[in-house]
Structure formats: C-alpha cells, structure tokens
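Coordinates as given in entry05.cif (mmCIF, N, CA and C atoms):
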```cif
data_input
loop_
_atom_site.label_atom_id
_atom_site.label_comp_id
_atom_site.auth_asym_id
_atom_site.auth_seq_id
_atom_site.Cartn_x
_atom_site.Cartn_y
_atom_site.Cartn_z
N MET A 1 -6.24 -8.50 -23.15
CA MET A 1 -6.44 -7.10 -22.91
C MET A 1 -6.63 -6.79 -21.43
N ARG A 2 -7.31 -7.70 -20.69
CA ARG A 2 -7.52 -7.44 -19.26
C ARG A 2 -6.20 -7.39 -18.51
N ALA A 3 -5.21 -8.17 -18.97
CA ALA A 3 -3.91 -8.16 -18.30
C ALA A 3 -3.23 -6.80 -18.49
N ILE A 4 -3.26 -6.27 -19.68
CA ILE A 4 -2.64 -4.97 -19.95
C ILE A 4 -3.35 -3.87 -19.16
N SER A 5 -4.67 -3.92 -19.14
CA SER A 5 -5.45 -2.96 -18.37
C SER A 5 -5.10 -3.07 -16.88
N GLY A 6 -4.98 -4.29 -16.38
CA GLY A 6 -4.62 -4.51 -14.99
C GLY A 6 -3.23 -3.99 -14.66
N TYR A 7 -2.31 -4.19 -15.58
CA TYR A 7 -0.94 -3.69 -15.41
C TYR A 7 -0.96 -2.17 -15.25
N ARG A 8 -1.69 -1.51 -16.10
CA ARG A 8 -1.80 -0.05 -16.03
C ARG A 8 -2.46 0.40 -14.73
N ARG A 9 -3.52 -0.33 -14.33
CA ARG A 9 -4.20 0.02 -13.08
C ARG A 9 -3.26 -0.12 -11.89
N LEU A 10 -2.44 -1.17 -11.88
CA LEU A 10 -1.49 -1.36 -10.78
C LEU A 10 -0.46 -0.23 -10.75
N PHE A 11 -0.02 0.20 -11.91
CA PHE A 11 0.94 1.30 -11.96
C PHE A 11 0.32 2.60 -11.46
N ARG A 12 -0.94 2.85 -11.80
CA ARG A 12 -1.62 4.04 -11.28
C ARG A 12 -1.80 3.94 -9.76
N ALA A 13 -2.16 2.76 -9.28
CA ALA A 13 -2.37 2.57 -7.84
C ALA A 13 -1.06 2.76 -7.07
N ARG A 14 0.05 2.26 -7.60
CA ARG A 14 1.33 2.42 -6.91
C ARG A 14 1.77 3.88 -6.89
N ARG A 15 1.48 4.61 -7.97
CA ARG A 15 1.81 6.04 -7.99
C ARG A 15 1.02 6.80 -6.93
N LYS A 16 -0.24 6.43 -6.76
CA LYS A 16 -1.06 7.08 -5.74
C LYS A 16 -0.59 6.70 -4.34
N LEU A 17 -0.37 5.43 -4.10
CA LEU A 17 0.02 4.95 -2.78
C LEU A 17 1.38 5.49 -2.35
N PHE A 18 2.34 5.47 -3.26
CA PHE A 18 3.71 5.82 -2.90
C PHE A 18 4.14 7.21 -3.38
N ALA A 19 3.19 8.08 -3.62
CA ALA A 19 3.51 9.44 -4.09
C ALA A 19 4.55 10.08 -3.17
N GLY A 20 5.62 10.57 -3.77
CA GLY A 20 6.66 11.24 -3.00
C GLY A 20 7.72 10.33 -2.42
N ASP A 21 7.55 9.02 -2.52
CA ASP A 21 8.51 8.07 -1.97
C ASP A 21 9.25 7.40 -3.14
N VAL A 22 10.38 7.99 -3.50
CA VAL A 22 11.12 7.55 -4.69
C VAL A 22 11.49 6.08 -4.61
N ARG A 23 11.97 5.65 -3.46
CA ARG A 23 12.39 4.25 -3.30
C ARG A 23 11.21 3.29 -3.47
N ALA A 24 10.10 3.58 -2.80
CA ALA A 24 8.93 2.70 -2.90
C ALA A 24 8.39 2.67 -4.33
N LEU A 25 8.41 3.81 -5.01
CA LEU A 25 7.96 3.84 -6.40
C LEU A 25 8.84 2.96 -7.28
N ALA A 26 10.16 3.06 -7.09
CA ALA A 26 11.09 2.27 -7.91
C ALA A 26 10.94 0.78 -7.61
N GLU A 27 10.88 0.43 -6.34
CA GLU A 27 10.79 -0.99 -5.99
C GLU A 27 9.45 -1.60 -6.40
N SER A 28 8.37 -0.85 -6.26
CA SER A 28 7.07 -1.38 -6.66
C SER A 28 6.98 -1.54 -8.18
N LYS A 29 7.62 -0.64 -8.91
CA LYS A 29 7.65 -0.76 -10.37
C LYS A 29 8.34 -2.06 -10.78
N ILE A 30 9.45 -2.34 -10.15
CA ILE A 30 10.19 -3.57 -10.45
C ILE A 30 9.38 -4.80 -10.07
N ALA A 31 8.78 -4.78 -8.88
CA ALA A 31 8.02 -5.94 -8.40
C ALA A 31 6.84 -6.25 -9.32
N ILE A 32 6.12 -5.22 -9.74
CA ILE A 32 4.98 -5.43 -10.64
C ILE A 32 5.47 -6.00 -11.96
N ARG A 33 6.53 -5.42 -12.50
CA ARG A 33 7.06 -5.88 -13.78
C ARG A 33 7.52 -7.33 -13.71
N VAL A 34 8.21 -7.69 -12.63
CA VAL A 34 8.70 -9.07 -12.47
C VAL A 34 7.53 -10.05 -12.46
N GLU A 35 6.48 -9.73 -11.73
CA GLU A 35 5.32 -10.63 -11.66
C GLU A 35 4.65 -10.78 -13.02
N PHE A 36 4.51 -9.68 -13.73
CA PHE A 36 3.89 -9.77 -15.06
C PHE A 36 4.78 -10.54 -16.03
N ASP A 37 6.08 -10.31 -15.99
CA ASP A 37 6.99 -11.05 -16.87
C ASP A 37 6.98 -12.54 -16.55
N LYS A 38 6.88 -12.86 -15.27
CA LYS A 38 6.87 -14.26 -14.84
C LYS A 38 5.65 -14.99 -15.42
N ASN A 39 4.56 -14.28 -15.58
CA ASN A 39 3.32 -14.90 -16.05
C ASN A 39 2.98 -14.56 -17.51
N ARG A 40 3.93 -13.96 -18.20
CA ARG A 40 3.69 -13.50 -19.58
C ARG A 40 3.25 -14.63 -20.51
N GLN A 41 3.87 -15.79 -20.40
CA GLN A 41 3.60 -16.89 -21.32
C GLN A 41 2.63 -17.93 -20.76
N VAL A 42 1.95 -17.59 -19.69
CA VAL A 42 1.06 -18.56 -19.05
C VAL A 42 -0.12 -18.87 -19.97
N THR A 43 -0.35 -20.15 -20.12
CA THR A 43 -1.54 -20.63 -20.81
C THR A 43 -2.13 -21.71 -19.91
N GLY A 44 -3.28 -22.10 -20.20
CA GLY A 44 -3.87 -23.15 -19.38
C GLY A 44 -5.36 -23.01 -19.30
N PRO A 45 -5.91 -23.72 -18.36
CA PRO A 45 -7.37 -23.68 -18.23
C PRO A 45 -7.86 -22.26 -17.92
N PRO A 46 -9.02 -21.92 -18.39
CA PRO A 46 -9.56 -20.58 -18.15
C PRO A 46 -9.62 -20.23 -16.65
N GLU A 47 -9.84 -21.24 -15.81
CA GLU A 47 -9.91 -20.98 -14.37
C GLU A 47 -8.57 -20.46 -13.85
N HIS A 48 -7.47 -20.98 -14.38
CA HIS A 48 -6.14 -20.55 -13.95
C HIS A 48 -5.89 -19.10 -14.39
N LEU A 49 -6.20 -18.82 -15.64
CA LEU A 49 -6.02 -17.46 -16.15
C LEU A 49 -6.91 -16.47 -15.40
N GLU A 50 -8.14 -16.88 -15.13
CA GLU A 50 -9.05 -16.01 -14.39
C GLU A 50 -8.53 -15.76 -12.98
N GLY A 51 -7.90 -16.76 -12.38
CA GLY A 51 -7.30 -16.59 -11.06
C GLY A 51 -6.19 -15.56 -11.07
N LEU A 52 -5.35 -15.59 -12.09
CA LEU A 52 -4.27 -14.60 -12.21
C LEU A 52 -4.83 -13.19 -12.40
N LEU A 53 -5.87 -13.06 -13.22
CA LEU A 53 -6.49 -11.76 -13.45
C LEU A 53 -7.17 -11.26 -12.18
N SER A 54 -7.74 -12.17 -11.43
CA SER A 54 -8.37 -11.80 -10.15
C SER A 54 -7.33 -11.29 -9.16
N MET A 55 -6.13 -11.86 -9.20
CA MET A 55 -5.05 -11.40 -8.31
C MET A 55 -4.67 -9.96 -8.63
N ILE A 56 -4.75 -9.56 -9.89
CA ILE A 56 -4.48 -8.17 -10.28
C ILE A 56 -5.50 -7.27 -9.60
N ASP A 57 -6.77 -7.64 -9.68
CA ASP A 57 -7.83 -6.85 -9.06
C ASP A 57 -7.62 -6.74 -7.55
N ASP A 58 -7.26 -7.88 -6.92
CA ASP A 58 -7.04 -7.89 -5.48
C ASP A 58 -5.85 -7.00 -5.08
N ALA A 59 -4.79 -7.06 -5.87
CA ALA A 59 -3.60 -6.24 -5.57
C ALA A 59 -3.92 -4.75 -5.70
N GLU A 60 -4.66 -4.40 -6.74
CA GLU A 60 -5.05 -3.00 -6.91
C GLU A 60 -5.92 -2.53 -5.74
N ASP A 61 -6.89 -3.35 -5.37
CA ASP A 61 -7.77 -3.00 -4.26
C ASP A 61 -6.97 -2.83 -2.97
N MET A 62 -6.02 -3.71 -2.72
CA MET A 62 -5.20 -3.61 -1.51
C MET A 62 -4.39 -2.32 -1.51
N MET A 63 -3.79 -1.98 -2.65
CA MET A 63 -2.98 -0.76 -2.71
C MET A 63 -3.82 0.50 -2.54
N LEU A 64 -5.02 0.50 -3.08
CA LEU A 64 -5.86 1.69 -3.01
C LEU A 64 -6.66 1.81 -1.71
N HIS A 65 -7.01 0.67 -1.12
CA HIS A 65 -7.91 0.70 0.03
C HIS A 65 -7.39 0.00 1.28
N GLY A 66 -6.36 -0.80 1.16
CA GLY A 66 -5.93 -1.61 2.30
C GLY A 66 -4.64 -1.17 2.95
N ILE A 67 -3.96 -0.20 2.38
CA ILE A 67 -2.69 0.26 2.93
C ILE A 67 -2.75 1.76 3.11
N VAL A 68 -2.32 2.22 4.27
CA VAL A 68 -2.20 3.66 4.50
C VAL A 68 -0.76 3.97 4.83
N ARG A 69 -0.35 5.16 4.50
CA ARG A 69 1.02 5.60 4.77
C ARG A 69 1.02 6.54 5.96
N GLY A 70 2.11 6.48 6.69
CA GLY A 70 2.28 7.39 7.81
C GLY A 70 3.66 8.02 7.76
N GLU A 71 3.78 9.13 8.41
CA GLU A 71 5.07 9.81 8.51
C GLU A 71 5.48 9.84 9.97
N LEU A 72 6.73 9.45 10.24
CA LEU A 72 7.25 9.46 11.60
C LEU A 72 7.61 10.87 12.00
N ASN A 73 7.03 11.36 13.08
CA ASN A 73 7.38 12.64 13.66
C ASN A 73 8.26 12.32 14.87
N LYS A 74 9.57 12.39 14.68
CA LYS A 74 10.52 11.99 15.72
C LYS A 74 10.42 12.86 16.96
N GLU A 75 10.15 14.14 16.77
CA GLU A 75 10.06 15.05 17.92
C GLU A 75 8.95 14.64 18.88
N ARG A 76 7.83 14.20 18.34
CA ARG A 76 6.68 13.82 19.16
C ARG A 76 6.60 12.32 19.39
N ASN A 77 7.48 11.52 18.73
CA ASN A 77 7.45 10.06 18.79
C ASN A 77 6.06 9.54 18.39
N VAL A 78 5.60 10.05 17.23
CA VAL A 78 4.27 9.71 16.73
C VAL A 78 4.38 9.40 15.24
N VAL A 79 3.68 8.36 14.81
CA VAL A 79 3.51 8.12 13.39
C VAL A 79 2.18 8.75 13.01
N GLU A 80 2.24 9.77 12.16
CA GLU A 80 1.04 10.50 11.74
C GLU A 80 0.47 9.85 10.49
N VAL A 81 -0.78 9.40 10.59
CA VAL A 81 -1.44 8.69 9.50
C VAL A 81 -2.73 9.41 9.17
N LYS A 82 -2.91 9.74 7.90
CA LYS A 82 -4.16 10.35 7.44
C LYS A 82 -5.00 9.27 6.77
N ILE A 83 -6.20 9.07 7.29
CA ILE A 83 -7.10 8.06 6.78
C ILE A 83 -8.12 8.74 5.88
N GLY A 84 -8.18 8.32 4.63
CA GLY A 84 -9.16 8.87 3.70
C GLY A 84 -10.45 8.09 3.77
N PRO A 85 -11.49 8.61 3.17
CA PRO A 85 -12.79 7.92 3.20
C PRO A 85 -12.72 6.52 2.60
N GLU A 86 -11.83 6.32 1.63
CA GLU A 86 -11.71 5.00 1.00
C GLU A 86 -11.14 3.96 1.96
N HIS A 87 -10.47 4.39 3.02
CA HIS A 87 -9.91 3.46 4.00
C HIS A 87 -10.80 3.33 5.23
N GLU A 88 -11.46 4.41 5.59
CA GLU A 88 -12.21 4.47 6.84
C GLU A 88 -13.25 3.37 6.97
N ALA A 89 -13.96 3.07 5.91
CA ALA A 89 -15.02 2.07 5.97
C ALA A 89 -14.49 0.68 6.28
N ARG A 90 -13.23 0.43 5.97
CA ARG A 90 -12.64 -0.90 6.16
C ARG A 90 -11.88 -1.05 7.47
N MET A 91 -11.74 0.02 8.21
CA MET A 91 -10.90 -0.03 9.40
C MET A 91 -11.74 0.14 10.66
N ASP A 92 -11.31 -0.57 11.69
CA ASP A 92 -11.91 -0.36 13.00
C ASP A 92 -10.83 0.14 13.94
N GLU A 93 -11.20 0.52 15.14
CA GLU A 93 -10.23 1.08 16.09
C GLU A 93 -9.08 0.11 16.35
N GLY A 94 -9.34 -1.19 16.38
CA GLY A 94 -8.27 -2.16 16.61
C GLY A 94 -7.26 -2.21 15.48
N THR A 95 -7.71 -1.95 14.29
CA THR A 95 -6.83 -1.96 13.13
C THR A 95 -5.90 -0.76 13.12
N MET A 96 -6.32 0.32 13.72
CA MET A 96 -5.59 1.58 13.62
C MET A 96 -4.62 1.79 14.78
N THR A 97 -4.22 0.74 15.46
CA THR A 97 -3.37 0.94 16.63
C THR A 97 -1.99 0.33 16.50
N HIS A 98 -1.62 -0.12 15.34
CA HIS A 98 -0.30 -0.70 15.19
C HIS A 98 0.31 -0.32 13.84
N VAL A 99 1.62 -0.44 13.76
CA VAL A 99 2.34 -0.13 12.54
C VAL A 99 2.99 -1.40 12.04
N ASP A 100 2.79 -1.70 10.79
CA ASP A 100 3.47 -2.81 10.14
C ASP A 100 4.38 -2.22 9.08
N PRO A 101 5.68 -2.07 9.38
CA PRO A 101 6.58 -1.48 8.38
C PRO A 101 6.66 -2.35 7.14
N ILE A 102 6.77 -1.70 6.00
CA ILE A 102 6.88 -2.42 4.74
C ILE A 102 8.25 -3.06 4.59
N THR A 103 9.29 -2.40 5.07
CA THR A 103 10.65 -2.95 4.97
C THR A 103 11.30 -2.94 6.34
N SER A 104 12.37 -3.73 6.50
CA SER A 104 13.10 -3.74 7.77
C SER A 104 13.77 -2.39 8.00
N GLU A 105 14.16 -1.72 6.93
CA GLU A 105 14.76 -0.39 7.06
C GLU A 105 13.75 0.59 7.67
N THR A 106 12.51 0.51 7.23
CA THR A 106 11.46 1.35 7.80
C THR A 106 11.27 1.00 9.27
N GLY A 107 11.24 -0.28 9.59
CA GLY A 107 11.10 -0.70 10.97
C GLY A 107 12.23 -0.19 11.85
N ASP A 108 13.46 -0.20 11.32
CA ASP A 108 14.60 0.33 12.07
C ASP A 108 14.45 1.82 12.31
N ARG A 109 13.95 2.56 11.33
CA ARG A 109 13.76 4.00 11.50
C ARG A 109 12.69 4.29 12.53
N ILE A 110 11.68 3.44 12.60
CA ILE A 110 10.58 3.69 13.52
C ILE A 110 10.97 3.40 14.96
N GLY A 111 11.63 2.29 15.22
CA GLY A 111 11.90 1.96 16.61
C GLY A 111 13.24 1.34 16.85
N GLY A 112 14.17 1.47 15.92
CA GLY A 112 15.44 0.78 16.02
C GLY A 112 16.47 1.46 16.90
N ASP A 113 16.20 2.64 17.41
CA ASP A 113 17.19 3.34 18.21
C ASP A 113 17.10 2.98 19.69
N GLY A 114 16.35 1.94 20.02
CA GLY A 114 16.22 1.54 21.40
C GLY A 114 15.16 2.31 22.16
N GLY A 115 14.56 3.30 21.51
CA GLY A 115 13.52 4.10 22.16
C GLY A 115 12.20 3.36 22.17
N SER A 116 11.21 3.98 22.73
CA SER A 116 9.90 3.36 22.78
C SER A 116 9.24 3.42 21.41
N GLN A 117 8.34 2.47 21.18
CA GLN A 117 7.60 2.47 19.92
C GLN A 117 6.76 3.74 19.86
N PRO A 118 6.70 4.38 18.72
CA PRO A 118 5.90 5.60 18.61
C PRO A 118 4.41 5.29 18.69
N LYS A 119 3.65 6.25 19.13
CA LYS A 119 2.20 6.14 19.12
C LYS A 119 1.74 6.35 17.69
N ILE A 120 0.54 5.89 17.41
CA ILE A 120 -0.08 6.09 16.10
C ILE A 120 -1.10 7.19 16.26
N GLU A 121 -1.01 8.22 15.44
CA GLU A 121 -1.98 9.31 15.48
C GLU A 121 -2.74 9.30 14.17
N ILE A 122 -4.03 9.05 14.27
CA ILE A 122 -4.88 8.92 13.09
C ILE A 122 -5.67 10.21 12.90
N THR A 123 -5.62 10.74 11.70
CA THR A 123 -6.44 11.90 11.34
C THR A 123 -7.36 11.46 10.22
N LYS A 124 -8.64 11.53 10.46
CA LYS A 124 -9.61 11.14 9.43
C LYS A 124 -9.83 12.33 8.52
N SER A 125 -9.58 12.12 7.24
CA SER A 125 -9.68 13.23 6.29
C SER A 125 -10.94 13.14 5.45
N SER A 126 -11.99 12.55 6.02
CA SER A 126 -13.26 12.50 5.28
C SER A 126 -13.82 13.91 5.18
N GLY A 127 -14.51 14.20 4.13
CA GLY A 127 -14.98 15.53 3.83
C GLY A 127 -15.84 16.18 4.89
N GLY A 128 -16.48 15.39 5.75
CA GLY A 128 -17.44 15.95 6.69
C GLY A 128 -16.86 16.30 8.04
N GLY A 129 -16.00 17.27 8.14
CA GLY A 129 -15.52 17.81 9.40
C GLY A 129 -14.61 16.92 10.19
N GLY A 130 -14.11 15.82 9.67
CA GLY A 130 -13.29 14.81 10.36
C GLY A 130 -12.46 15.33 11.50
N GLY A 131 -12.27 14.48 12.47
CA GLY A 131 -11.51 14.85 13.64
C GLY A 131 -10.22 14.09 13.70
N SER A 132 -9.62 14.07 14.88
CA SER A 132 -8.37 13.39 15.07
C SER A 132 -8.51 12.35 16.16
N THR A 133 -7.93 11.20 15.96
CA THR A 133 -7.96 10.13 16.93
C THR A 133 -6.54 9.72 17.22
N SER A 134 -6.20 9.53 18.47
CA SER A 134 -4.86 9.04 18.82
C SER A 134 -4.98 7.67 19.43
N SER A 135 -4.00 6.81 19.14
CA SER A 135 -3.98 5.46 19.67
C SER A 135 -2.55 5.08 19.99
N GLN A 136 -2.36 4.07 20.80
CA GLN A 136 -1.03 3.54 21.11
C GLN A 136 -0.74 2.39 20.22
#
```

Would you put the structure from the file into structure tokens?
Amino acid sequence: MRAISGYRRLFRARRKLFAGDVRALAESKIAIRVEFDKNRQVTGPPEHLEGLLSMIDDAEDMMLHGIVRGELNKERNVVEVKIGPEHEARMDEGTMTHVDPITSETGDRIGGDGGSQPKIEITKSSGGGGGSTSSQ
C-alpha cells in the first residue's frame, strides 16, 4: 500500500512542480511509471524494500522542496525565479546564484545563442511582505 500511496504522491508533486509545462509533465509521468514498473516485482529483505520506499519519499521531497522553476525573460536577460516559503528555508544566497537546466534543450535556450549567461532574479513569495533579490 505504501508504494501505491507513494506513486500517487509523486504524481501530485510532479503536477505541482511542472504546472503549465506540458513536456515536463509528460516526461516526468513516463519516468515515474518506468521506475515503478522496473521495481514492480521486487521482493527481498525488508531493508531493501524499505530503501525503495524511502527513495519515493526522497523524490517527493526533492520535487516539492528542492527544485524551483524559473522563466527566461529574454528582453532583460534574466531568469525570473519565485521562491516560496517551502524553498526559502533550504536555500542560502550561494544556492540562488546559478541555473542548472533540467535538459540540454533548456540549457540551449538559456545561453546557447552565444550571448552572456542571464542573471538570476529571485523573488521571495513568502506571505510576510517578501522582497526581491537579484544575483548573477
């Protein structure tokens, strides 16, 4: 039962993380399904099964709290990233100064035209009056 619950939680987390990104939603759906199918018939020591279930929890936590999305503003050469309260506690200023594209296609869109790497513009969207921080 924990595996089925974890599968559903991962699907909810991917919908939240990739909302509005049709390609990312489709690819993440396939990736999650492939991993679950690969381990569908796994049996073995309880420690091994518990390790697989723990990986589900870790993946959900990473999708909900460890990854933020940004939008490239080509006119300003800025990647605009909104940081929610669920991310803010885990990030420091050093973490918020670089972009790690998920795919090579994304990387090409960000800096593949020979231009300079865009700056990262962080907007904290915590409920208490949050401000804006810019970084290179």

Find the residues around stretch 2-16 of chain A up to 7 Å (all atoms listed in the file counted), leave out those fewer than 2 positions away in its own chain, and share them as a PDB file with N, CA and C atoms, in the coordinates of the input.
```pdb
ATOM      1  N   PHE A  18       2.340   5.470  -3.260  1.00  0.00           N
ATOM      2  CA  PHE A  18       3.710   5.820  -2.900  1.00  0.00           C
ATOM      3  C   PHE A  18       4.140   7.210  -3.380  1.00  0.00           C
ATOM      4  N   ALA A  19       3.190   8.080  -3.620  1.00  0.00           N
ATOM      5  CA  ALA A  19       3.510   9.440  -4.090  1.00  0.00           C
ATOM      6  C   ALA A  19       4.550  10.080  -3.170  1.00  0.00           C
ATOM      7  N   GLY A  20       5.620  10.570  -3.770  1.00  0.00           N
ATOM      8  CA  GLY A  20       6.660  11.240  -3.000  1.00  0.00           C
ATOM      9  C   GLY A  20       7.720  10.330  -2.420  1.00  0.00           C
ATOM     10  N   LEU A  25       8.410   3.810  -5.010  1.00  0.00           N
ATOM     11  CA  LEU A  25       7.960   3.840  -6.400  1.00  0.00           C
ATOM     12  C   LEU A  25       8.840   2.960  -7.280  1.00  0.00           C
ATOM     13  N   SER A  28       8.370  -0.850  -6.260  1.00  0.00           N
ATOM     14  CA  SER A  28       7.070  -1.380  -6.660  1.00  0.00           C
ATOM     15  C   SER A  28       6.980  -1.540  -8.180  1.00  0.00           C
ATOM     16  N   LEU A  53      -5.870 -13.060 -13.220  1.00  0.00           N
ATOM     17  CA  LEU A  53      -6.490 -11.760 -13.450  1.00  0.00           C
ATOM     18  C   LEU A  53      -7.170 -11.260 -12.180  1.00  0.00           C
ATOM     19  N   ILE A  56      -4.750  -9.560  -9.890  1.00  0.00           N
ATOM     20  CA  ILE A  56      -4.480  -8.170 -10.280  1.00  0.00           C
ATOM     21  C   ILE A  56      -5.500  -7.270  -9.600  1.00  0.00           C
ATOM     22  N   ASP A  57      -6.770  -7.640  -9.680  1.00  0.00           N
ATOM     23  CA  ASP A  57      -7.830  -6.850  -9.060  1.00  0.00           C
ATOM     24  C   ASP A  57      -7.620  -6.740  -7.550  1.00  0.00           C
ATOM     25  N   ALA A  59      -4.790  -7.060  -5.870  1.00  0.00           N
ATOM     26  CA  ALA A  59      -3.600  -6.240  -5.570  1.00  0.00           C
ATOM     27  C   ALA A  59      -3.920  -4.750  -5.700  1.00  0.00           C
ATOM     28  N   GLU A  60      -4.660  -4.400  -6.740  1.00  0.00           N
ATOM     29  CA  GLU A  60      -5.050  -3.000  -6.910  1.00  0.00           C
ATOM     30  C   GLU A  60      -5.920  -2.530  -5.740  1.00  0.00           C
ATOM     31  N   MET A  63      -3.790  -1.980  -2.650  1.00  0.00           N
ATOM     32  CA  MET A  63      -2.980  -0.760  -2.710  1.00  0.00           C
ATOM     33  C   MET A  63      -3.820   0.500  -2.540  1.00  0.00           C
ATOM     34  N   LEU A  64      -5.020   0.500  -3.080  1.00  0.00           N
ATOM     35  CA  LEU A  64      -5.860   1.690  -3.010  1.00  0.00           C
ATOM     36  C   LEU A  64      -6.660   1.810  -1.710  1.00  0.00           C
TER      37      LEU A  64
END
```

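From atom CA of A:Arg23 back to atom CA of A:Ile83, the distance works out to 22.3 Å.
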
Using Å and a single decimal, report how far atom N of A:Lys119 sits from atom C of A:Glu80.
9.9 Å

One decimal, Å: what's the distance from atom CA of A:His65 over to atom N of A:His87, could you say?
5.4 Å

Pick out the closest residue to A:Arg76 from this set: A:Ile120, A:Glu27, A:Glu50, A:Met1. Count only C-alpha atoms.
A:Ile120

Option closest in space to A:Val68, from A:Glu121, A:Leu17, A:Ala26, A:Arg40 [counting only C-alpha atoms]
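That would be A:Leu17, the residue with the smallest distance to A:Val68.
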
Selection: 8 Å around stretch 70-72 of chain A, only C-alpha atoms, excl. self and same-chain fewer than 5 positions, as number ranges by chain
A: 77-82, 110
